[in-house]
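Novice: For reference, the file data_0.cif (mmCIF, N, CA and C atoms) is included below:
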```cif
data_model
#
loop_
_atom_site.label_atom_id
_atom_site.label_comp_id
_atom_site.auth_asym_id
_atom_site.auth_seq_id
_atom_site.Cartn_x
_atom_site.Cartn_y
_atom_site.Cartn_z
N MET A 187 -106.13 -52.48 -77.68
CA MET A 187 -104.75 -52.84 -77.48
C MET A 187 -104.66 -53.70 -76.22
N PRO A 188 -103.97 -54.83 -76.27
CA PRO A 188 -103.89 -55.70 -75.09
C PRO A 188 -102.99 -55.10 -74.00
N THR A 189 -103.31 -55.45 -72.77
CA THR A 189 -102.51 -55.01 -71.64
C THR A 189 -101.25 -55.86 -71.56
N ILE A 190 -100.11 -55.23 -71.55
CA ILE A 190 -98.86 -55.96 -71.48
C ILE A 190 -98.47 -56.21 -70.03
N ARG A 191 -98.49 -55.18 -69.24
CA ARG A 191 -98.18 -55.28 -67.82
C ARG A 191 -99.09 -54.35 -67.03
N ARG A 192 -99.37 -54.76 -65.82
CA ARG A 192 -100.15 -53.92 -64.93
C ARG A 192 -99.24 -53.50 -63.78
N PHE A 193 -99.25 -52.23 -63.47
CA PHE A 193 -98.47 -51.69 -62.37
C PHE A 193 -99.41 -51.13 -61.32
N VAL A 194 -99.12 -51.42 -60.08
CA VAL A 194 -99.87 -50.86 -58.98
C VAL A 194 -98.95 -49.90 -58.25
N VAL A 195 -99.35 -48.66 -58.19
CA VAL A 195 -98.54 -47.64 -57.54
C VAL A 195 -99.23 -47.27 -56.23
N VAL A 196 -98.51 -47.42 -55.14
CA VAL A 196 -99.05 -47.07 -53.82
C VAL A 196 -98.12 -46.04 -53.20
N PRO A 197 -98.67 -45.17 -52.35
CA PRO A 197 -97.84 -44.17 -51.70
C PRO A 197 -96.76 -44.83 -50.84
N ALA A 198 -95.61 -44.19 -50.76
CA ALA A 198 -94.53 -44.66 -49.89
C ALA A 198 -94.76 -44.07 -48.50
N VAL A 199 -94.91 -44.94 -47.52
CA VAL A 199 -95.14 -44.47 -46.15
C VAL A 199 -93.80 -43.97 -45.61
N PRO A 200 -93.75 -42.72 -45.16
CA PRO A 200 -92.49 -42.16 -44.64
C PRO A 200 -91.97 -42.98 -43.45
N GLU A 201 -90.67 -42.92 -43.26
CA GLU A 201 -90.02 -43.68 -42.18
C GLU A 201 -90.66 -43.41 -40.82
N GLN A 202 -91.00 -42.14 -40.54
CA GLN A 202 -91.59 -41.78 -39.25
C GLN A 202 -92.94 -42.45 -39.03
N LEU A 203 -93.59 -42.89 -40.12
CA LEU A 203 -94.94 -43.46 -40.02
C LEU A 203 -94.97 -44.97 -40.27
N GLN A 204 -93.81 -45.62 -40.25
CA GLN A 204 -93.78 -47.06 -40.52
C GLN A 204 -94.62 -47.87 -39.53
N GLY A 205 -94.82 -47.34 -38.35
CA GLY A 205 -95.68 -48.00 -37.37
C GLY A 205 -97.10 -48.19 -37.88
N LEU A 206 -97.53 -47.34 -38.80
CA LEU A 206 -98.88 -47.49 -39.36
C LEU A 206 -99.02 -48.82 -40.10
N ASN A 207 -97.95 -49.24 -40.77
CA ASN A 207 -98.00 -50.54 -41.47
C ASN A 207 -98.17 -51.68 -40.48
N GLU A 208 -97.47 -51.60 -39.37
CA GLU A 208 -97.58 -52.63 -38.34
C GLU A 208 -99.01 -52.71 -37.80
N LEU A 209 -99.61 -51.57 -37.59
CA LEU A 209 -100.98 -51.52 -37.08
C LEU A 209 -102.01 -51.94 -38.13
N ALA A 210 -101.80 -51.51 -39.37
CA ALA A 210 -102.80 -51.72 -40.42
C ALA A 210 -103.07 -53.19 -40.69
N PHE A 211 -102.06 -54.03 -40.54
CA PHE A 211 -102.21 -55.44 -40.88
C PHE A 211 -102.61 -56.31 -39.69
N ASN A 212 -103.18 -55.71 -38.66
CA ASN A 212 -103.65 -56.48 -37.51
C ASN A 212 -105.07 -56.05 -37.18
N LEU A 213 -105.94 -57.03 -36.97
CA LEU A 213 -107.36 -56.72 -36.69
C LEU A 213 -107.56 -55.97 -35.38
N TRP A 214 -106.58 -55.98 -34.51
CA TRP A 214 -106.66 -55.22 -33.27
C TRP A 214 -107.03 -53.77 -33.55
N THR A 215 -106.50 -53.25 -34.64
CA THR A 215 -106.75 -51.86 -35.02
C THR A 215 -108.23 -51.57 -35.21
N LEU A 216 -108.97 -52.56 -35.69
CA LEU A 216 -110.38 -52.33 -36.01
C LEU A 216 -111.27 -52.27 -34.77
N TRP A 217 -110.89 -52.97 -33.71
CA TRP A 217 -111.74 -52.91 -32.52
C TRP A 217 -111.17 -52.02 -31.44
N ASN A 218 -110.05 -51.39 -31.69
CA ASN A 218 -109.49 -50.42 -30.77
C ASN A 218 -109.82 -49.03 -31.31
N TYR A 219 -110.68 -48.33 -30.60
CA TYR A 219 -111.17 -47.04 -31.10
C TYR A 219 -110.05 -46.02 -31.28
N ASP A 220 -109.07 -46.02 -30.39
CA ASP A 220 -107.95 -45.09 -30.53
C ASP A 220 -107.17 -45.36 -31.81
N ALA A 221 -106.94 -46.63 -32.10
CA ALA A 221 -106.18 -46.99 -33.31
C ALA A 221 -106.98 -46.64 -34.56
N SER A 222 -108.27 -46.92 -34.54
CA SER A 222 -109.11 -46.55 -35.68
C SER A 222 -109.11 -45.03 -35.88
N GLY A 223 -109.15 -44.31 -34.76
CA GLY A 223 -109.13 -42.86 -34.83
C GLY A 223 -107.84 -42.32 -35.43
N LEU A 224 -106.75 -43.03 -35.20
CA LEU A 224 -105.46 -42.62 -35.77
C LEU A 224 -105.53 -42.65 -37.30
N PHE A 225 -106.08 -43.73 -37.86
CA PHE A 225 -106.19 -43.83 -39.31
C PHE A 225 -107.20 -42.82 -39.86
N SER A 226 -108.26 -42.61 -39.11
CA SER A 226 -109.26 -41.62 -39.52
C SER A 226 -108.65 -40.22 -39.57
N ARG A 227 -107.74 -39.98 -38.66
CA ARG A 227 -107.08 -38.67 -38.59
C ARG A 227 -106.27 -38.36 -39.84
N LEU A 228 -105.76 -39.37 -40.51
CA LEU A 228 -104.98 -39.17 -41.74
C LEU A 228 -105.82 -38.52 -42.83
N ASP A 229 -107.04 -39.07 -43.01
CA ASP A 229 -107.94 -38.56 -44.05
C ASP A 229 -109.34 -39.07 -43.74
N PRO A 230 -110.14 -38.30 -43.01
CA PRO A 230 -111.47 -38.76 -42.58
C PRO A 230 -112.38 -39.21 -43.72
N GLU A 231 -112.36 -38.49 -44.83
CA GLU A 231 -113.22 -38.85 -45.97
C GLU A 231 -112.78 -40.17 -46.60
N LEU A 232 -111.48 -40.34 -46.76
CA LEU A 232 -110.96 -41.59 -47.34
C LEU A 232 -111.19 -42.75 -46.39
N TRP A 233 -111.08 -42.49 -45.08
CA TRP A 233 -111.35 -43.52 -44.07
C TRP A 233 -112.77 -44.05 -44.22
N GLU A 234 -113.70 -43.16 -44.41
CA GLU A 234 -115.10 -43.57 -44.63
C GLU A 234 -115.26 -44.28 -45.97
N ALA A 235 -114.64 -43.74 -47.01
CA ALA A 235 -114.76 -44.32 -48.35
C ALA A 235 -114.16 -45.72 -48.45
N THR A 236 -113.18 -46.02 -47.60
CA THR A 236 -112.57 -47.35 -47.61
C THR A 236 -113.23 -48.29 -46.60
N ASN A 237 -114.36 -47.86 -46.05
CA ASN A 237 -115.09 -48.66 -45.05
C ASN A 237 -114.20 -49.05 -43.87
N HIS A 238 -113.42 -48.09 -43.41
CA HIS A 238 -112.55 -48.25 -42.24
C HIS A 238 -111.53 -49.36 -42.42
N ASN A 239 -110.98 -49.46 -43.61
CA ASN A 239 -109.96 -50.47 -43.92
C ASN A 239 -108.59 -49.77 -43.94
N PRO A 240 -107.77 -49.99 -42.89
CA PRO A 240 -106.50 -49.27 -42.81
C PRO A 240 -105.51 -49.64 -43.92
N VAL A 241 -105.52 -50.88 -44.38
CA VAL A 241 -104.62 -51.28 -45.47
C VAL A 241 -105.00 -50.55 -46.75
N ARG A 242 -106.28 -50.53 -47.04
CA ARG A 242 -106.75 -49.84 -48.25
C ARG A 242 -106.48 -48.34 -48.16
N LEU A 243 -106.73 -47.78 -46.98
CA LEU A 243 -106.48 -46.35 -46.79
C LEU A 243 -105.01 -46.03 -47.08
N LEU A 244 -104.09 -46.83 -46.56
CA LEU A 244 -102.66 -46.56 -46.80
C LEU A 244 -102.28 -46.75 -48.27
N SER A 245 -103.03 -47.57 -48.97
CA SER A 245 -102.70 -47.77 -50.38
C SER A 245 -103.28 -46.68 -51.28
N LEU A 246 -104.26 -45.92 -50.78
CA LEU A 246 -104.91 -44.90 -51.59
C LEU A 246 -104.60 -43.46 -51.17
N ILE A 247 -104.09 -43.27 -49.99
CA ILE A 247 -103.90 -41.91 -49.48
C ILE A 247 -102.84 -41.17 -50.29
N SER A 248 -102.98 -39.88 -50.37
CA SER A 248 -102.01 -39.07 -51.13
C SER A 248 -100.70 -38.95 -50.37
N GLN A 249 -99.65 -38.82 -51.14
CA GLN A 249 -98.32 -38.67 -50.55
C GLN A 249 -98.25 -37.39 -49.72
N ASP A 250 -98.96 -36.35 -50.15
CA ASP A 250 -98.97 -35.08 -49.42
C ASP A 250 -99.55 -35.25 -48.02
N LYS A 251 -100.62 -36.02 -47.89
CA LYS A 251 -101.23 -36.23 -46.57
C LYS A 251 -100.32 -37.05 -45.67
N LEU A 252 -99.62 -38.02 -46.24
CA LEU A 252 -98.66 -38.79 -45.44
C LEU A 252 -97.51 -37.89 -44.98
N ALA A 253 -97.04 -37.04 -45.87
CA ALA A 253 -95.95 -36.12 -45.52
C ALA A 253 -96.39 -35.15 -44.42
N ALA A 254 -97.63 -34.68 -44.51
CA ALA A 254 -98.15 -33.76 -43.48
C ALA A 254 -98.24 -34.47 -42.13
N ALA A 255 -98.69 -35.71 -42.13
CA ALA A 255 -98.78 -36.48 -40.88
C ALA A 255 -97.39 -36.74 -40.30
N ALA A 256 -96.43 -37.02 -41.16
CA ALA A 256 -95.05 -37.28 -40.71
C ALA A 256 -94.44 -36.03 -40.08
N ALA A 257 -94.88 -34.85 -40.50
CA ALA A 257 -94.36 -33.59 -39.96
C ALA A 257 -95.14 -33.10 -38.74
N ASP A 258 -96.25 -33.76 -38.43
CA ASP A 258 -97.12 -33.35 -37.32
C ASP A 258 -96.69 -34.07 -36.04
N GLU A 259 -96.11 -33.32 -35.11
CA GLU A 259 -95.62 -33.92 -33.86
C GLU A 259 -96.76 -34.55 -33.05
N GLY A 260 -97.93 -33.93 -33.09
CA GLY A 260 -99.08 -34.49 -32.38
C GLY A 260 -99.50 -35.83 -32.94
N PHE A 261 -99.48 -35.95 -34.27
CA PHE A 261 -99.84 -37.22 -34.90
C PHE A 261 -98.82 -38.30 -34.55
N ILE A 262 -97.53 -37.93 -34.61
CA ILE A 262 -96.46 -38.90 -34.29
C ILE A 262 -96.60 -39.37 -32.84
N ALA A 263 -96.88 -38.44 -31.92
CA ALA A 263 -97.05 -38.82 -30.50
C ALA A 263 -98.25 -39.74 -30.34
N HIS A 264 -99.35 -39.44 -31.03
CA HIS A 264 -100.55 -40.28 -30.99
C HIS A 264 -100.23 -41.68 -31.52
N MET A 265 -99.53 -41.76 -32.65
CA MET A 265 -99.17 -43.05 -33.23
C MET A 265 -98.26 -43.84 -32.29
N ASN A 266 -97.29 -43.17 -31.69
CA ASN A 266 -96.35 -43.87 -30.80
C ASN A 266 -97.06 -44.40 -29.56
N ARG A 267 -98.04 -43.65 -29.04
CA ARG A 267 -98.81 -44.13 -27.88
C ARG A 267 -99.61 -45.37 -28.25
N ILE A 268 -100.24 -45.34 -29.42
CA ILE A 268 -101.04 -46.48 -29.86
C ILE A 268 -100.14 -47.68 -30.16
N LEU A 269 -98.98 -47.45 -30.75
CA LEU A 269 -98.03 -48.54 -31.00
C LEU A 269 -97.58 -49.18 -29.69
N ALA A 270 -97.33 -48.36 -28.67
CA ALA A 270 -96.94 -48.90 -27.36
C ALA A 270 -98.06 -49.76 -26.79
N ASP A 271 -99.31 -49.29 -26.88
CA ASP A 271 -100.46 -50.08 -26.41
C ASP A 271 -100.57 -51.39 -27.18
N PHE A 272 -100.41 -51.33 -28.50
CA PHE A 272 -100.50 -52.51 -29.35
C PHE A 272 -99.42 -53.53 -29.01
N ARG A 273 -98.19 -53.07 -28.88
CA ARG A 273 -97.08 -53.98 -28.57
C ARG A 273 -97.24 -54.59 -27.19
N HIS A 274 -97.74 -53.80 -26.25
CA HIS A 274 -98.02 -54.34 -24.91
C HIS A 274 -99.09 -55.44 -25.00
N TYR A 275 -100.14 -55.17 -25.74
CA TYR A 275 -101.21 -56.15 -25.92
C TYR A 275 -100.67 -57.43 -26.56
N MET A 276 -99.83 -57.29 -27.57
CA MET A 276 -99.31 -58.45 -28.29
C MET A 276 -98.32 -59.26 -27.46
N ASN A 277 -97.63 -58.61 -26.52
CA ASN A 277 -96.60 -59.30 -25.75
C ASN A 277 -97.02 -59.72 -24.35
N THR A 278 -98.22 -59.36 -23.94
CA THR A 278 -98.71 -59.74 -22.62
C THR A 278 -99.37 -61.11 -22.71
N PRO A 279 -98.92 -62.05 -21.87
CA PRO A 279 -99.55 -63.38 -21.90
C PRO A 279 -101.03 -63.27 -21.52
N THR A 280 -101.85 -63.97 -22.25
CA THR A 280 -103.29 -63.98 -21.98
C THR A 280 -103.59 -64.95 -20.85
N TRP A 281 -104.79 -64.87 -20.33
CA TRP A 281 -105.21 -65.81 -19.29
C TRP A 281 -105.07 -67.24 -19.80
N PHE A 282 -105.50 -67.49 -21.04
CA PHE A 282 -105.45 -68.84 -21.59
C PHE A 282 -104.01 -69.34 -21.69
N MET A 283 -103.12 -68.49 -22.13
CA MET A 283 -101.71 -68.89 -22.23
C MET A 283 -101.13 -69.26 -20.87
N GLN A 284 -101.55 -68.54 -19.84
CA GLN A 284 -101.05 -68.82 -18.50
C GLN A 284 -101.69 -70.08 -17.91
N ALA A 285 -102.97 -70.28 -18.19
CA ALA A 285 -103.68 -71.44 -17.64
C ALA A 285 -103.36 -72.73 -18.38
N HIS A 286 -103.00 -72.63 -19.66
CA HIS A 286 -102.73 -73.81 -20.48
C HIS A 286 -101.43 -73.64 -21.26
N PRO A 287 -100.32 -73.61 -20.55
CA PRO A 287 -99.05 -73.40 -21.26
C PRO A 287 -98.70 -74.59 -22.16
N LEU A 288 -98.14 -74.28 -23.31
CA LEU A 288 -97.66 -75.30 -24.23
C LEU A 288 -96.15 -75.35 -24.13
N SER A 289 -95.58 -76.48 -24.48
CA SER A 289 -94.12 -76.54 -24.49
C SER A 289 -93.58 -75.59 -25.55
N LYS A 290 -92.32 -75.22 -25.44
CA LYS A 290 -91.73 -74.24 -26.35
C LYS A 290 -91.77 -74.68 -27.80
N ASN A 291 -91.67 -75.97 -28.04
CA ASN A 291 -91.62 -76.47 -29.42
C ASN A 291 -92.99 -76.87 -29.95
N GLU A 292 -94.02 -76.65 -29.18
CA GLU A 292 -95.35 -77.11 -29.56
C GLU A 292 -96.19 -75.93 -30.03
N ASN A 293 -96.37 -75.80 -31.31
CA ASN A 293 -97.20 -74.74 -31.90
C ASN A 293 -98.38 -75.39 -32.58
N ARG A 294 -99.57 -75.09 -32.11
CA ARG A 294 -100.76 -75.70 -32.69
C ARG A 294 -101.82 -74.63 -32.92
N VAL A 295 -102.60 -74.88 -33.94
CA VAL A 295 -103.73 -74.01 -34.25
C VAL A 295 -104.97 -74.88 -34.19
N PHE A 296 -106.01 -74.42 -33.52
CA PHE A 296 -107.25 -75.18 -33.43
C PHE A 296 -108.32 -74.49 -34.26
N LEU A 297 -108.88 -75.21 -35.22
CA LEU A 297 -109.93 -74.68 -36.06
C LEU A 297 -111.15 -75.59 -35.94
N ARG A 298 -112.20 -75.06 -35.39
CA ARG A 298 -113.46 -75.80 -35.26
C ARG A 298 -113.26 -77.22 -34.75
N GLY A 299 -112.45 -77.33 -33.72
CA GLY A 299 -112.25 -78.63 -33.09
C GLY A 299 -111.24 -79.52 -33.80
N VAL A 300 -110.68 -79.09 -34.92
CA VAL A 300 -109.69 -79.88 -35.63
C VAL A 300 -108.31 -79.30 -35.35
N ARG A 301 -107.42 -80.13 -34.85
CA ARG A 301 -106.08 -79.66 -34.54
C ARG A 301 -105.21 -79.71 -35.79
N VAL A 302 -104.58 -78.58 -36.10
CA VAL A 302 -103.68 -78.50 -37.24
C VAL A 302 -102.29 -78.25 -36.67
N THR A 303 -101.33 -79.14 -36.97
CA THR A 303 -99.97 -78.94 -36.44
C THR A 303 -98.99 -78.75 -37.56
#
```
With the file now loaded, output its structure as structure tokens.

Specialist:
Amino acid sequence: MPTIRRFVVVPAVPEQLQGLNELAFNLWTLWNYDASGLFSRLDPELWEATNHNPVRLLSLISQDKLAAAAADEGFIAHMNRILADFRHYMNTPTWFMQAHPLSKNENRVFLRGVRVT
């Protein structure tokens, strides 16, 4: 029988854990041990099975485990501390930004010596 439609069902991340989505889609999470540990804390076996991929982990984790994390004050405090660190990192001007400021309207990306505007 032919497939008519394909549906992908992913767990709904509770409101208290929405910060996990913000962290999951940034590579900072992968090289920050505390952030990686936060995702591992949700489900250590699934974290290993997904090769430490936070996006995949959030798409496969059981709703029960998300609900348990949302009810865990220690987990929420851990997540909020990591979110604060992440937001500080994202909003702090880097040395390069300070040494080579661009005008407000000038947004450029440099790829292998080729300027893309």

Novice: List the spatial neighbours of Leu216 (chain A) as a compact mmCIF listing (two decimals) with N, CA and C atoms, keeping the file's coordinate frame - criterion: any atom at most 9 Å away, only C-alpha atoms, same-chain residues fewer than 3 positions off excluded.

Specialist:
```txt
# COMPACT_ATOMS: atom_id res chain seq x y z
N ALA A 210 -101.80 -51.51 -39.37
CA ALA A 210 -102.80 -51.72 -40.42
C ALA A 210 -103.07 -53.19 -40.69
N ASN A 212 -103.18 -55.71 -38.66
CA ASN A 212 -103.65 -56.48 -37.51
C ASN A 212 -105.07 -56.05 -37.18
N LEU A 213 -105.94 -57.03 -36.97
CA LEU A 213 -107.36 -56.72 -36.69
C LEU A 213 -107.56 -55.97 -35.38
N TYR A 219 -110.68 -48.33 -30.60
CA TYR A 219 -111.17 -47.04 -31.10
C TYR A 219 -110.05 -46.02 -31.28
N ALA A 221 -106.94 -46.63 -32.10
CA ALA A 221 -106.18 -46.99 -33.31
C ALA A 221 -106.98 -46.64 -34.56
N SER A 222 -108.27 -46.92 -34.54
CA SER A 222 -109.11 -46.55 -35.68
C SER A 222 -109.11 -45.03 -35.88
N HIS A 238 -113.42 -48.09 -43.41
CA HIS A 238 -112.55 -48.25 -42.24
C HIS A 238 -111.53 -49.36 -42.42
N ASN A 239 -110.98 -49.46 -43.61
CA ASN A 239 -109.96 -50.47 -43.92
C ASN A 239 -108.59 -49.77 -43.94
N PRO A 240 -107.77 -49.99 -42.89
CA PRO A 240 -106.50 -49.27 -42.81
C PRO A 240 -105.51 -49.64 -43.92
```

Novice: For CA of Leu224 (chain A) and CA of Thr278 (chain A), quote the distance in Å rounded to one decimal.

Specialist: 22.6 Å

Novice: What does the structure give for the distance between CA of Asn266 (chain A) and CA of Pro230 (chain A), in Å to one decimal?

Specialist: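 Here the two named atoms are 19.8 Å from each other.
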
Novice: Take CA of Met276 (chain A) and atom C of His264 (chain A) and report the distance between them in Å, one decimal.

Specialist: 17.1 Å

Novice: Given only C-alpha atoms as the basis, pick out the residue of A:Val199, A:Ile247, A:Ala263, A:Ala270 nearest to Glu231 (chain A).

Specialist: A:Ile247

Novice: Quick one: everything within 8 Å of Gln249 (chain A), counting only N, CA and C atoms, minus sequence neighbours fewer than 6 positions away in the same chain. Send it as a VMD selection string.

Specialist: chain A and resid 196 to 199 255

Novice: Report the residues of chain A whose backbone DSSP state falls under strand (DSSP E), written as a PDB file with N, CA and C atoms, in the coordinates of the input.

Specialist:
```pdb
ATOM      1  N   VAL A 295    -102.600 -74.880 -33.940  1.00  0.00           N
ATOM      2  CA  VAL A 295    -103.730 -74.010 -34.250  1.00  0.00           C
ATOM      3  C   VAL A 295    -104.970 -74.880 -34.190  1.00  0.00           C
ATOM      4  N   PHE A 296    -106.010 -74.420 -33.520  1.00  0.00           N
ATOM      5  CA  PHE A 296    -107.250 -75.180 -33.430  1.00  0.00           C
ATOM      6  C   PHE A 296    -108.320 -74.490 -34.260  1.00  0.00           C
ATOM      7  N   LEU A 297    -108.880 -75.210 -35.220  1.00  0.00           N
ATOM      8  CA  LEU A 297    -109.930 -74.680 -36.060  1.00  0.00           C
ATOM      9  C   LEU A 297    -111.150 -75.590 -35.940  1.00  0.00           C
ATOM     10  N   VAL A 300    -110.680 -79.090 -34.920  1.00  0.00           N
ATOM     11  CA  VAL A 300    -109.690 -79.880 -35.630  1.00  0.00           C
ATOM     12  C   VAL A 300    -108.310 -79.300 -35.350  1.00  0.00           C
ATOM     13  N   ARG A 301    -107.420 -80.130 -34.850  1.00  0.00           N
ATOM     14  CA  ARG A 301    -106.080 -79.660 -34.540  1.00  0.00           C
ATOM     15  C   ARG A 301    -105.210 -79.710 -35.790  1.00  0.00           C
ATOM     16  N   VAL A 302    -104.580 -78.580 -36.100  1.00  0.00           N
ATOM     17  CA  VAL A 302    -103.680 -78.500 -37.240  1.00  0.00           C
ATOM     18  C   VAL A 302    -102.290 -78.250 -36.670  1.00  0.00           C
TER      19      VAL A 302
END
```
